[in-house]
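Here is the file entry-v3.pdb (PDB, C-alpha atoms and all ligand atoms).
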```
ATOM      1  CA  MET A 281       4.238 -21.367   5.298  1.00  0.00           C
ATOM      2  CA  LYS A 282       7.272 -21.673   7.539  1.00  0.00           C
ATOM      3  CA  LEU A 283       9.786 -24.370   6.642  1.00  0.00           C
ATOM      4  CA  PHE A 284      11.887 -25.894   9.397  1.00  0.00           C
ATOM      5  CA  LEU A 285      14.638 -28.476   9.109  1.00  0.00           C
ATOM      6  CA  ASP A 286      14.238 -31.549  11.321  1.00  0.00           C
ATOM      7  CA  THR A 287      17.839 -32.297  12.234  1.00  0.00           C
ATOM      8  CA  ALA A 288      20.643 -31.734  14.721  1.00  0.00           C
ATOM      9  CA  ASN A 289      23.337 -32.001  12.044  1.00  0.00           C
ATOM     10  CA  LEU A 290      25.331 -28.787  11.575  1.00  0.00           C
ATOM     11  CA  LYS A 291      26.350 -29.522   7.964  1.00  0.00           C
ATOM     12  CA  GLU A 292      22.750 -30.171   6.934  1.00  0.00           C
ATOM     13  CA  ILE A 293      21.635 -26.958   8.649  1.00  0.00           C
ATOM     14  CA  ASP A 294      24.395 -24.975   6.961  1.00  0.00           C
ATOM     15  CA  GLU A 295      23.548 -26.342   3.505  1.00  0.00           C
ATOM     16  CA  ILE A 296      19.803 -25.642   3.644  1.00  0.00           C
ATOM     17  CA  ASN A 297      20.292 -22.326   5.446  1.00  0.00           C
ATOM     18  CA  LYS A 298      22.183 -21.037   2.411  1.00  0.00           C
ATOM     19  CA  TRP A 299      19.015 -21.338   0.293  1.00  0.00           C
ATOM     20  CA  GLY A 300      17.552 -18.432   2.283  1.00  0.00           C
ATOM     21  CA  VAL A 301      14.224 -20.131   2.984  1.00  0.00           C
ATOM     22  CA  LEU A 302      14.889 -21.760   6.337  1.00  0.00           C
ATOM     23  CA  ASP A 303      12.656 -20.519   9.166  1.00  0.00           C
ATOM     24  CA  GLY A 304      13.885 -22.685  12.032  1.00  0.00           C
ATOM     25  CA  ILE A 305      15.089 -26.043  13.331  1.00  0.00           C
ATOM     26  CA  THR A 306      13.509 -28.858  15.272  1.00  0.00           C
ATOM     27  CA  THR A 307      15.592 -31.407  17.130  1.00  0.00           C
ATOM     28  CA  ASN A 308      14.690 -34.291  19.385  1.00  0.00           C
ATOM     29  CA  PRO A 309      16.700 -36.666  21.604  1.00  0.00           C
ATOM     30  CA  SER A 310      16.989 -39.266  18.805  1.00  0.00           C
ATOM     31  CA  LEU A 311      18.317 -36.698  16.295  1.00  0.00           C
ATOM     32  CA  LEU A 312      20.860 -35.371  18.811  1.00  0.00           C
ATOM     33  CA  ALA A 313      21.945 -38.924  19.694  1.00  0.00           C
ATOM     34  CA  LYS A 314      22.683 -39.522  15.987  1.00  0.00           C
ATOM     35  CA  GLU A 315      25.348 -36.795  16.144  1.00  0.00           C
ATOM     36  CA  GLY A 316      27.556 -39.030  18.312  1.00  0.00           C
ATOM     37  CA  LYS A 317      29.893 -37.643  20.959  1.00  0.00           C
ATOM     38  CA  ILE A 318      28.864 -34.018  21.262  1.00  0.00           C
ATOM     39  CA  GLY A 319      28.441 -31.626  24.178  1.00  0.00           C
ATOM     40  CA  PHE A 320      24.678 -31.051  24.440  1.00  0.00           C
ATOM     41  CA  GLU A 321      24.810 -27.391  25.446  1.00  0.00           C
ATOM     42  CA  ALA A 322      27.640 -26.426  23.078  1.00  0.00           C
ATOM     43  CA  HIS A 323      25.974 -28.179  20.151  1.00  0.00           C
ATOM     44  CA  VAL A 324      22.603 -26.522  20.788  1.00  0.00           C
ATOM     45  CA  ARG A 325      24.281 -23.123  21.094  1.00  0.00           C
ATOM     46  CA  GLU A 326      25.989 -23.690  17.749  1.00  0.00           C
ATOM     47  CA  ILE A 327      22.691 -24.548  16.039  1.00  0.00           C
ATOM     48  CA  CYS A 328      21.100 -21.428  17.541  1.00  0.00           C
ATOM     49  CA  ASN A 329      23.947 -19.268  16.208  1.00  0.00           C
ATOM     50  CA  LEU A 330      23.592 -20.700  12.723  1.00  0.00           C
ATOM     51  CA  VAL A 331      19.874 -20.117  12.349  1.00  0.00           C
ATOM     52  CA  ASP A 332      17.804 -16.978  12.501  1.00  0.00           C
ATOM     53  CA  GLY A 333      14.573 -18.519  13.815  1.00  0.00           C
ATOM     54  CA  PRO A 334      13.186 -20.816  16.493  1.00  0.00           C
ATOM     55  CA  VAL A 335      15.192 -23.896  17.457  1.00  0.00           C
ATOM     56  CA  SER A 336      13.157 -26.560  19.256  1.00  0.00           C
ATOM     57  CA  VAL A 337      15.055 -28.509  21.903  1.00  0.00           C
ATOM     58  CA  GLU A 338      13.335 -31.279  23.816  1.00  0.00           C
ATOM     59  CA  VAL A 339      13.452 -31.931  27.542  1.00  0.00           C
ATOM     60  CA  THR A 340      14.033 -35.513  28.675  1.00  0.00           C
ATOM     61  CA  SER A 341      12.446 -35.150  32.108  1.00  0.00           C
ATOM     62  CA  THR A 342       8.912 -36.460  32.323  1.00  0.00           C
ATOM     63  CA  ASN A 343       7.680 -35.010  35.630  1.00  0.00           C
ATOM     64  CA  PHE A 344       6.442 -31.447  36.079  1.00  0.00           C
ATOM     65  CA  SER A 345       9.284 -30.082  38.220  1.00  0.00           C
ATOM     66  CA  GLY A 346      11.932 -31.828  36.105  1.00  0.00           C
ATOM     67  CA  ILE A 347      10.472 -30.453  32.841  1.00  0.00           C
ATOM     68  CA  LEU A 348      10.360 -26.956  34.357  1.00  0.00           C
ATOM     69  CA  LYS A 349      13.933 -27.078  35.652  1.00  0.00           C
ATOM     70  CA  GLU A 350      15.323 -28.513  32.435  1.00  0.00           C
ATOM     71  CA  GLY A 351      13.212 -26.214  30.250  1.00  0.00           C
ATOM     72  CA  ARG A 352      14.377 -23.093  32.094  1.00  0.00           C
ATOM     73  CA  GLU A 353      18.010 -24.203  31.915  1.00  0.00           C
ATOM     74  CA  ILE A 354      17.927 -25.006  28.162  1.00  0.00           C
ATOM     75  CA  ALA A 355      16.005 -21.798  27.391  1.00  0.00           C
ATOM     76  CA  SER A 356      18.806 -19.778  29.007  1.00  0.00           C
ATOM     77  CA  TRP A 357      21.324 -20.964  26.376  1.00  0.00           C
ATOM     78  CA  ALA A 358      19.995 -18.831  23.508  1.00  0.00           C
ATOM     79  CA  GLU A 359      17.181 -16.409  22.783  1.00  0.00           C
ATOM     80  CA  ASN A 360      15.728 -18.431  19.906  1.00  0.00           C
ATOM     81  CA  ILE A 361      15.245 -21.690  21.811  1.00  0.00           C
ATOM     82  CA  VAL A 362      11.766 -23.192  22.018  1.00  0.00           C
ATOM     83  CA  ILE A 363      11.300 -25.886  24.643  1.00  0.00           C
ATOM     84  CA  LYS A 364       9.839 -29.097  23.306  1.00  0.00           C
ATOM     85  CA  VAL A 365       7.560 -30.713  25.848  1.00  0.00           C
ATOM     86  CA  PRO A 366       5.821 -34.101  25.554  1.00  0.00           C
ATOM     87  CA  MET A 367       2.030 -34.299  25.263  1.00  0.00           C
ATOM     88  CA  THR A 368       1.388 -35.544  28.819  1.00  0.00           C
ATOM     89  CA  PRO A 369      -0.442 -34.075  31.855  1.00  0.00           C
ATOM     90  CA  ASP A 370       2.882 -32.971  33.392  1.00  0.00           C
ATOM     91  CA  GLY A 371       4.026 -31.618  30.041  1.00  0.00           C
ATOM     92  CA  LEU A 372       0.841 -29.622  29.594  1.00  0.00           C
ATOM     93  CA  ARG A 373       1.132 -28.188  33.078  1.00  0.00           C
ATOM     94  CA  ALA A 374       4.727 -27.184  32.353  1.00  0.00           C
ATOM     95  CA  VAL A 375       3.658 -25.412  29.140  1.00  0.00           C
ATOM     96  CA  SER A 376       1.431 -23.009  31.090  1.00  0.00           C
ATOM     97  CA  GLU A 377       4.113 -22.436  33.718  1.00  0.00           C
ATOM     98  CA  LEU A 378       6.905 -21.836  31.189  1.00  0.00           C
ATOM     99  CA  ARG A 379       4.622 -19.403  29.412  1.00  0.00           C
ATOM    100  CA  TYR A 380       4.498 -17.255  32.563  1.00  0.00           C
ATOM    101  CA  ASP A 381       8.322 -17.183  32.416  1.00  0.00           C
ATOM    102  CA  GLY A 382       8.134 -15.952  28.810  1.00  0.00           C
ATOM    103  CA  ILE A 383       9.519 -19.253  27.495  1.00  0.00           C
ATOM    104  CA  ASP A 384       8.038 -20.550  24.226  1.00  0.00           C
ATOM    105  CA  THR A 385       7.075 -24.211  23.952  1.00  0.00           C
ATOM    106  CA  ASN A 386       6.444 -26.790  21.264  1.00  0.00           C
ATOM    107  CA  VAL A 387       4.173 -29.637  22.347  1.00  0.00           C
ATOM    108  CA  THR A 388       5.489 -32.770  20.691  1.00  0.00           C
ATOM    109  CA  LEU A 389       4.173 -36.261  19.979  1.00  0.00           C
ATOM    110  CA  CYS A 390       0.688 -35.031  19.099  1.00  0.00           C
ATOM    111  CA  PHE A 391      -1.484 -37.671  17.425  1.00  0.00           C
ATOM    112  CA  SER A 392      -5.069 -36.475  17.941  1.00  0.00           C
ATOM    113  CA  PRO A 393      -7.136 -33.286  17.517  1.00  0.00           C
ATOM    114  CA  ASN A 394      -8.012 -33.243  21.216  1.00  0.00           C
ATOM    115  CA  GLN A 395      -4.334 -33.342  22.176  1.00  0.00           C
ATOM    116  CA  ALA A 396      -3.805 -30.372  19.859  1.00  0.00           C
ATOM    117  CA  LEU A 397      -6.743 -28.522  21.396  1.00  0.00           C
ATOM    118  CA  LEU A 398      -5.255 -29.003  24.880  1.00  0.00           C
ATOM    119  CA  ALA A 399      -1.816 -27.799  23.765  1.00  0.00           C
ATOM    120  CA  ALA A 400      -3.367 -24.665  22.275  1.00  0.00           C
ATOM    121  CA  LYS A 401      -5.407 -23.995  25.417  1.00  0.00           C
ATOM    122  CA  ALA A 402      -2.280 -24.369  27.555  1.00  0.00           C
ATOM    123  CA  GLY A 403      -0.623 -21.649  25.459  1.00  0.00           C
ATOM    124  CA  ALA A 404       1.980 -23.559  23.451  1.00  0.00           C
ATOM    125  CA  ARG A 405       3.644 -21.556  20.667  1.00  0.00           C
ATOM    126  CA  PHE A 406       3.737 -24.665  18.461  1.00  0.00           C
ATOM    127  CA  VAL A 407       2.071 -28.048  18.455  1.00  0.00           C
ATOM    128  CA  SER A 408       3.671 -30.855  16.459  1.00  0.00           C
ATOM    129  CA  PRO A 409       1.366 -33.458  14.874  1.00  0.00           C
ATOM    130  CA  PHE A 410       3.449 -36.483  13.774  1.00  0.00           C
ATOM    131  CA  ILE A 411       1.852 -37.306  10.429  1.00  0.00           C
ATOM    132  CA  GLY A 412       4.368 -39.848   9.083  1.00  0.00           C
ATOM    133  CA  ARG A 413       4.023 -42.021  12.182  1.00  0.00           C
ATOM    134  CA  LEU A 414       0.222 -41.859  11.865  1.00  0.00           C
ATOM    135  CA  ASP A 415       0.408 -42.932   8.205  1.00  0.00           C
ATOM    136  CA  GLU A 416       2.695 -45.805   9.195  1.00  0.00           C
ATOM    137  CA  ASN A 417       0.126 -46.799  11.818  1.00  0.00           C
ATOM    138  CA  GLY A 418      -2.560 -47.185   9.143  1.00  0.00           C
ATOM    139  CA  GLN A 419      -4.181 -43.786   9.779  1.00  0.00           C
ATOM    140  CA  ASP A 420      -4.175 -40.669   7.611  1.00  0.00           C
ATOM    141  CA  GLY A 421      -1.987 -37.936   9.059  1.00  0.00           C
ATOM    142  CA  MET A 422      -3.543 -35.316   6.776  1.00  0.00           C
ATOM    143  CA  ILE A 423      -6.971 -35.834   8.352  1.00  0.00           C
ATOM    144  CA  LEU A 424      -5.430 -34.756  11.663  1.00  0.00           C
ATOM    145  CA  ILE A 425      -3.949 -31.629  10.041  1.00  0.00           C
ATOM    146  CA  ALA A 426      -7.313 -30.698   8.496  1.00  0.00           C
ATOM    147  CA  GLU A 427      -9.074 -31.167  11.853  1.00  0.00           C
ATOM    148  CA  MET A 428      -6.470 -29.090  13.667  1.00  0.00           C
ATOM    149  CA  VAL A 429      -6.650 -26.249  11.138  1.00  0.00           C
ATOM    150  CA  LYS A 430     -10.445 -26.149  11.495  1.00  0.00           C
ATOM    151  CA  ILE A 431     -10.388 -26.216  15.308  1.00  0.00           C
ATOM    152  CA  PHE A 432      -7.690 -23.544  15.586  1.00  0.00           C
ATOM    153  CA  GLN A 433      -9.584 -21.315  13.139  1.00  0.00           C
ATOM    154  CA  ASN A 434     -12.880 -21.780  15.018  1.00  0.00           C
ATOM    155  CA  TYR A 435     -11.382 -20.480  18.262  1.00  0.00           C
ATOM    156  CA  HIS A 436      -8.697 -18.121  16.915  1.00  0.00           C
ATOM    157  CA  PHE A 437      -5.879 -19.922  18.709  1.00  0.00           C
ATOM    158  CA  ASN A 438      -2.444 -18.389  18.148  1.00  0.00           C
ATOM    159  CA  THR A 439      -0.684 -21.737  18.538  1.00  0.00           C
ATOM    160  CA  GLU A 440       1.038 -22.665  15.275  1.00  0.00           C
ATOM    161  CA  ILE A 441       0.519 -26.053  13.643  1.00  0.00           C
ATOM    162  CA  LEU A 442       4.014 -27.407  13.009  1.00  0.00           C
ATOM    163  CA  VAL A 443       3.600 -30.491  10.838  1.00  0.00           C
ATOM    164  CA  ALA A 444       6.185 -33.072  11.929  1.00  0.00           C
ATOM    165  CA  SER A 445       7.321 -36.578  11.059  1.00  0.00           C
ATOM    166  CA  VAL A 446       7.314 -35.597   7.400  1.00  0.00           C
ATOM    167  CA  ARG A 447       8.296 -38.482   5.123  1.00  0.00           C
ATOM    168  CA  HIS A 448       8.199 -37.041   1.573  1.00  0.00           C
ATOM    169  CA  PRO A 449       7.595 -33.812  -0.417  1.00  0.00           C
ATOM    170  CA  ARG A 450       3.899 -34.621  -0.969  1.00  0.00           C
ATOM    171  CA  HIS A 451       3.366 -34.291   2.790  1.00  0.00           C
ATOM    172  CA  VAL A 452       4.628 -30.697   2.545  1.00  0.00           C
ATOM    173  CA  THR A 453       2.330 -29.875  -0.400  1.00  0.00           C
ATOM    174  CA  GLU A 454      -0.730 -31.352   1.302  1.00  0.00           C
ATOM    175  CA  ALA A 455       0.036 -29.567   4.591  1.00  0.00           C
ATOM    176  CA  ALA A 456       0.469 -26.262   2.718  1.00  0.00           C
ATOM    177  CA  LYS A 457      -2.864 -26.752   0.899  1.00  0.00           C
ATOM    178  CA  LEU A 458      -4.601 -27.292   4.231  1.00  0.00           C
ATOM    179  CA  GLY A 459      -3.082 -24.109   5.646  1.00  0.00           C
ATOM    180  CA  ALA A 460      -0.714 -25.542   8.271  1.00  0.00           C
ATOM    181  CA  ASP A 461       1.520 -22.801   9.666  1.00  0.00           C
ATOM    182  CA  ALA A 462       4.775 -24.717   9.341  1.00  0.00           C
ATOM    183  CA  ALA A 463       6.337 -28.060   8.478  1.00  0.00           C
ATOM    184  CA  THR A 464       9.551 -29.510   9.801  1.00  0.00           C
ATOM    185  CA  ILE A 465      11.275 -31.561   7.152  1.00  0.00           C
ATOM    186  CA  PRO A 466      14.193 -34.007   7.282  1.00  0.00           C
ATOM    187  CA  PHE A 467      17.262 -33.110   5.153  1.00  0.00           C
ATOM    188  CA  ASP A 468      16.629 -35.665   2.361  1.00  0.00           C
ATOM    189  CA  SER A 469      13.016 -34.611   1.867  1.00  0.00           C
ATOM    190  CA  PHE A 470      14.002 -30.922   2.051  1.00  0.00           C
ATOM    191  CA  LYS A 471      16.424 -31.436  -0.833  1.00  0.00           C
ATOM    192  CA  LYS A 472      13.695 -33.168  -2.832  1.00  0.00           C
ATOM    193  CA  LEU A 473      11.546 -30.000  -2.601  1.00  0.00           C
ATOM    194  CA  ILE A 474      13.869 -28.159  -4.958  1.00  0.00           C
ATOM    195  CA  GLY A 475      14.550 -30.809  -7.591  1.00  0.00           C
ATOM    196  CA  HIS A 476      12.646 -31.662 -10.766  1.00  0.00           C
ATOM    197  CA  PRO A 477      14.026 -33.521 -13.816  1.00  0.00           C
ATOM    198  CA  LEU A 478      12.310 -31.037 -16.177  1.00  0.00           C
ATOM    199  CA  THR A 479      14.117 -28.170 -14.442  1.00  0.00           C
ATOM    200  CA  ASP A 480      17.449 -29.952 -15.022  1.00  0.00           C
ATOM    201  CA  SER A 481      16.781 -30.854 -18.666  1.00  0.00           C
ATOM    202  CA  GLY A 482      15.280 -27.403 -19.326  1.00  0.00           C
ATOM    203  CA  LEU A 483      18.338 -25.645 -17.987  1.00  0.00           C
ATOM    204  CA  GLU A 484      20.652 -27.927 -19.939  1.00  0.00           C
ATOM    205  CA  LYS A 485      18.787 -27.081 -23.169  1.00  0.00           C
ATOM    206  CA  PHE A 486      18.813 -23.307 -22.522  1.00  0.00           C
ATOM    207  CA  LEU A 487      22.553 -23.391 -21.887  1.00  0.00           C
ATOM    208  CA  SER A 488      23.398 -25.519 -24.939  1.00  0.00           C
ATOM    209  CA  ASP A 489      21.203 -23.313 -27.200  1.00  0.00           C
ATOM    210  CA  TRP A 490      22.937 -20.238 -25.812  1.00  0.00           C
ATOM    211  CA  LYS A 491      26.353 -21.781 -26.422  1.00  0.00           C
ATOM    212  CA  ASN A 492      25.469 -22.476 -30.070  1.00  0.00           C
ATOM    213  CA  ALA A 493      23.738 -19.152 -30.646  1.00  0.00           C
ATOM    214  CA  LYS A 494      25.057 -16.598 -33.124  1.00  0.00           C
ATOM    215  CA  ILE A 495      24.058 -13.684 -30.928  1.00  0.00           C
ATOM    216  CA  LYS A 496      26.763 -11.077 -30.447  1.00  0.00           C
TER
HETATM  217  C1  LIG A 501       9.482 -33.167  15.234  1.00  0.00           C
HETATM  218  O1  LIG A 501       9.777 -32.116  15.776  1.00  0.00           O
HETATM  219  C2  LIG A 501      10.228 -34.419  15.341  1.00  0.00           C
HETATM  220  O2  LIG A 501      11.598 -34.149  15.521  1.00  0.00           O
HETATM  221  C3  LIG A 501      10.154 -35.298  14.138  1.00  0.00           C
HETATM  222  O3  LIG A 501       9.455 -34.754  13.077  1.00  0.00           O
HETATM  223  C4  LIG A 501       9.964 -36.721  14.473  1.00  0.00           C
HETATM  224  O4  LIG A 501       9.615 -37.465  13.361  1.00  0.00           O
HETATM  225  P1  LIG A 501      10.058 -38.944  13.050  1.00  0.00           P
HETATM  226  O5  LIG A 501       8.802 -39.729  12.969  1.00  0.00           O
HETATM  227  O6  LIG A 501      10.783 -38.847  11.743  1.00  0.00           O
HETATM  228  O7  LIG A 501      10.983 -39.407  14.164  1.00  0.00           O
END
```
Translate this file's structure into structure tokens.
Amino acid sequence: MKLFLDTANLKEIDEINKWGVLDGITTNPSLLAKEGKIGFEAHVREICNLVDGPVSVEVTSTNFSGILKEGREIASWAENIVIKVPMTPDGLRAVSELRYDGIDTNVTLCFSPNQALLAAKAGARFVSPFIGRLDENGQDGMILIAEMVKIFQNYHFNTEILVASVRHPRHVTEAAKLGADAATIPFDSFKKLIGHPLTDSGLEKFLSDWKNAKIK
């Protein structure tokens, strides 16, 4: 399963990247806005240099020609950029068109299996189901993941299921059990994947026993 970090923060990317398990980055306009006064292009280029894997960058245009123009421009900044396109009729149309240009896309804001089916048919490289937001809306995000996995298997779609809007480590476990291709995880939840109190206490005990040992 691919693990992406859901952030536009360079320090967070650098820290997780050092673990050697990071497969890519997803950003969105809200995450970039959190970074304060930055140059959009320069910041995206820096992220792309840091990470050896796809970096999703979202367009803010909503009409077909605007999405195309913006998508082509952003894609020219680095080879590993994936253009994030909203799940709308214009967005879907742009996915097919960008595909002809050889530009990879990630269809974002997916909340239903039929939306996912359309994104796959249009030829998106990734589709991002937002499971945390579904849970918060009183639905079960994992049901959507299970339905998507089944549909994509039935028709051998190459589009990858990139589980998004992850809220806690259990979301990652459940998505992995269902066979999702990837999950994009916020920094705090990513750090929780590695920790366990029994690992800490176990290590402490091994080290204190070793310190007191009479082994030469
Ligand atoms: C995915 O690519 C999005 O950036 C992200 O997961 C959005 O999730 P949120 O619900 O935490 O904003």
* Which residue gives the smallest distance to Ser392 of chain A among A:Ala404, A:Ile425, A:Leu458, A:Val362, with all atoms listed in the file counted? -> A:Ile425
Please report, as AutoDock Vina command-line options, the centre and edge lengths in Å to one decimal of an axis-aligned box covering all listed atoms of ligand LIG 501 (chain A) with 3 Å per side.
```
--center_x 10.2 --center_y -35.9 --center_z 13.8 --size_x 8.8 --size_y 13.6 --size_z 10.0
```
* Could you tell me which residues the PyMOL selection byres (((not hetatm)) within 6 of (chain A and resi 501)) returns for this structure, as a VMD selection string? => chain A and resid 286 306 to 308 412 to 413 444 to 445
Go ahead and write the selection's residues with C-alpha atoms as a PDB file, in the frame of the given file.
```
ATOM      1  CA  ASP A 286      14.238 -31.549  11.321  1.00  0.00           C
ATOM      2  CA  THR A 306      13.509 -28.858  15.272  1.00  0.00           C
ATOM      3  CA  THR A 307      15.592 -31.407  17.130  1.00  0.00           C
ATOM      4  CA  ASN A 308      14.690 -34.291  19.385  1.00  0.00           C
ATOM      5  CA  GLY A 412       4.368 -39.848   9.083  1.00  0.00           C
ATOM      6  CA  ARG A 413       4.023 -42.021  12.182  1.00  0.00           C
ATOM      7  CA  ALA A 444       6.185 -33.072  11.929  1.00  0.00           C
ATOM      8  CA  SER A 445       7.321 -36.578  11.059  1.00  0.00           C
TER       9      SER A 445
END
```
* Applied to this file, what does the PyMOL selection byres (((chain A and resi 358-360) around 12) and not hetatm) return in terms of residues, put as number ranges by chain? -> A: 303-306, 321-337, 352-357, 361-363, 382-385
Expected selection from the PyMOL selection byres (((chain A and resi 371) around 9) and not hetatm), given as a PDB file with C-alpha atoms, in the coordinates of the input:
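Full text of out.pdb as output:
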```
ATOM      1  CA  THR A 342       8.912 -36.460  32.323  1.00  0.00           C
ATOM      2  CA  ASN A 343       7.680 -35.010  35.630  1.00  0.00           C
ATOM      3  CA  PHE A 344       6.442 -31.447  36.079  1.00  0.00           C
ATOM      4  CA  ILE A 347      10.472 -30.453  32.841  1.00  0.00           C
ATOM      5  CA  LEU A 348      10.360 -26.956  34.357  1.00  0.00           C
ATOM      6  CA  VAL A 365       7.560 -30.713  25.848  1.00  0.00           C
ATOM      7  CA  PRO A 366       5.821 -34.101  25.554  1.00  0.00           C
ATOM      8  CA  MET A 367       2.030 -34.299  25.263  1.00  0.00           C
ATOM      9  CA  THR A 368       1.388 -35.544  28.819  1.00  0.00           C
ATOM     10  CA  PRO A 369      -0.442 -34.075  31.855  1.00  0.00           C
ATOM     11  CA  ASP A 370       2.882 -32.971  33.392  1.00  0.00           C
ATOM     12  CA  LEU A 372       0.841 -29.622  29.594  1.00  0.00           C
ATOM     13  CA  ARG A 373       1.132 -28.188  33.078  1.00  0.00           C
ATOM     14  CA  ALA A 374       4.727 -27.184  32.353  1.00  0.00           C
ATOM     15  CA  VAL A 375       3.658 -25.412  29.140  1.00  0.00           C
ATOM     16  CA  VAL A 387       4.173 -29.637  22.347  1.00  0.00           C
TER      17      VAL A 387
END
```
Please output segment 354-371 of chain A, rebuilt to include N, CA, C and O atoms, as a compact mmCIF listing (two decimals), in the frame of the given file.
```
# COMPACT_ATOMS: atom_id res chain seq x y z
N ILE A 354 17.66 -24.98 29.61
CA ILE A 354 17.93 -25.01 28.16
C ILE A 354 17.56 -23.65 27.53
O ILE A 354 18.29 -23.13 26.69
N ALA A 355 16.45 -23.08 27.97
CA ALA A 355 16.00 -21.80 27.39
C ALA A 355 17.01 -20.68 27.65
O ALA A 355 17.06 -19.69 26.90
N SER A 356 17.84 -20.84 28.68
CA SER A 356 18.81 -19.78 29.01
C SER A 356 20.02 -19.81 28.07
O SER A 356 20.84 -18.90 28.08
N TRP A 357 20.15 -20.84 27.25
CA TRP A 357 21.32 -20.96 26.38
C TRP A 357 21.29 -20.03 25.16
O TRP A 357 22.32 -19.65 24.64
N ALA A 358 20.10 -19.73 24.68
CA ALA A 358 20.00 -18.83 23.51
C ALA A 358 18.59 -18.26 23.45
O ALA A 358 17.64 -18.88 23.93
N GLU A 359 18.48 -17.09 22.82
CA GLU A 359 17.18 -16.41 22.78
C GLU A 359 16.17 -17.09 21.88
O GLU A 359 14.95 -16.93 22.07
N ASN A 360 16.67 -17.84 20.87
CA ASN A 360 15.73 -18.43 19.91
C ASN A 360 15.35 -19.88 20.23
O ASN A 360 14.80 -20.58 19.38
N ILE A 361 15.61 -20.31 21.45
CA ILE A 361 15.24 -21.69 21.81
C ILE A 361 13.76 -21.79 22.17
O ILE A 361 13.21 -20.93 22.86
N VAL A 362 13.15 -22.84 21.65
CA VAL A 362 11.77 -23.19 22.02
C VAL A 362 11.85 -24.54 22.73
O VAL A 362 12.52 -25.46 22.24
N ILE A 363 11.20 -24.64 23.87
CA ILE A 363 11.30 -25.89 24.64
C ILE A 363 10.24 -26.88 24.19
O ILE A 363 9.04 -26.59 24.22
N LYS A 364 10.74 -28.04 23.77
CA LYS A 364 9.84 -29.10 23.31
C LYS A 364 9.42 -29.94 24.50
O LYS A 364 10.26 -30.46 25.25
N VAL A 365 8.12 -30.06 24.66
CA VAL A 365 7.56 -30.71 25.85
C VAL A 365 6.62 -31.83 25.39
O VAL A 365 5.84 -31.63 24.45
N PRO A 366 6.70 -33.01 26.01
CA PRO A 366 5.82 -34.10 25.55
C PRO A 366 4.36 -33.86 25.90
O PRO A 366 4.04 -33.18 26.88
N MET A 367 3.48 -34.44 25.08
CA MET A 367 2.03 -34.30 25.26
C MET A 367 1.56 -35.22 26.40
O MET A 367 1.02 -36.30 26.16
N THR A 368 1.80 -34.78 27.63
CA THR A 368 1.39 -35.54 28.82
C THR A 368 0.78 -34.54 29.81
O THR A 368 0.96 -33.33 29.64
N PRO A 369 0.09 -35.02 30.86
CA PRO A 369 -0.44 -34.08 31.86
C PRO A 369 0.65 -33.19 32.46
O PRO A 369 0.48 -31.97 32.58
N ASP A 370 1.79 -33.78 32.83
CA ASP A 370 2.88 -32.97 33.39
C ASP A 370 3.44 -32.00 32.36
O ASP A 370 3.79 -30.86 32.67
N GLY A 371 3.52 -32.47 31.12
CA GLY A 371 4.03 -31.62 30.04
C GLY A 371 3.12 -30.42 29.83
O GLY A 371 3.57 -29.28 29.74
```
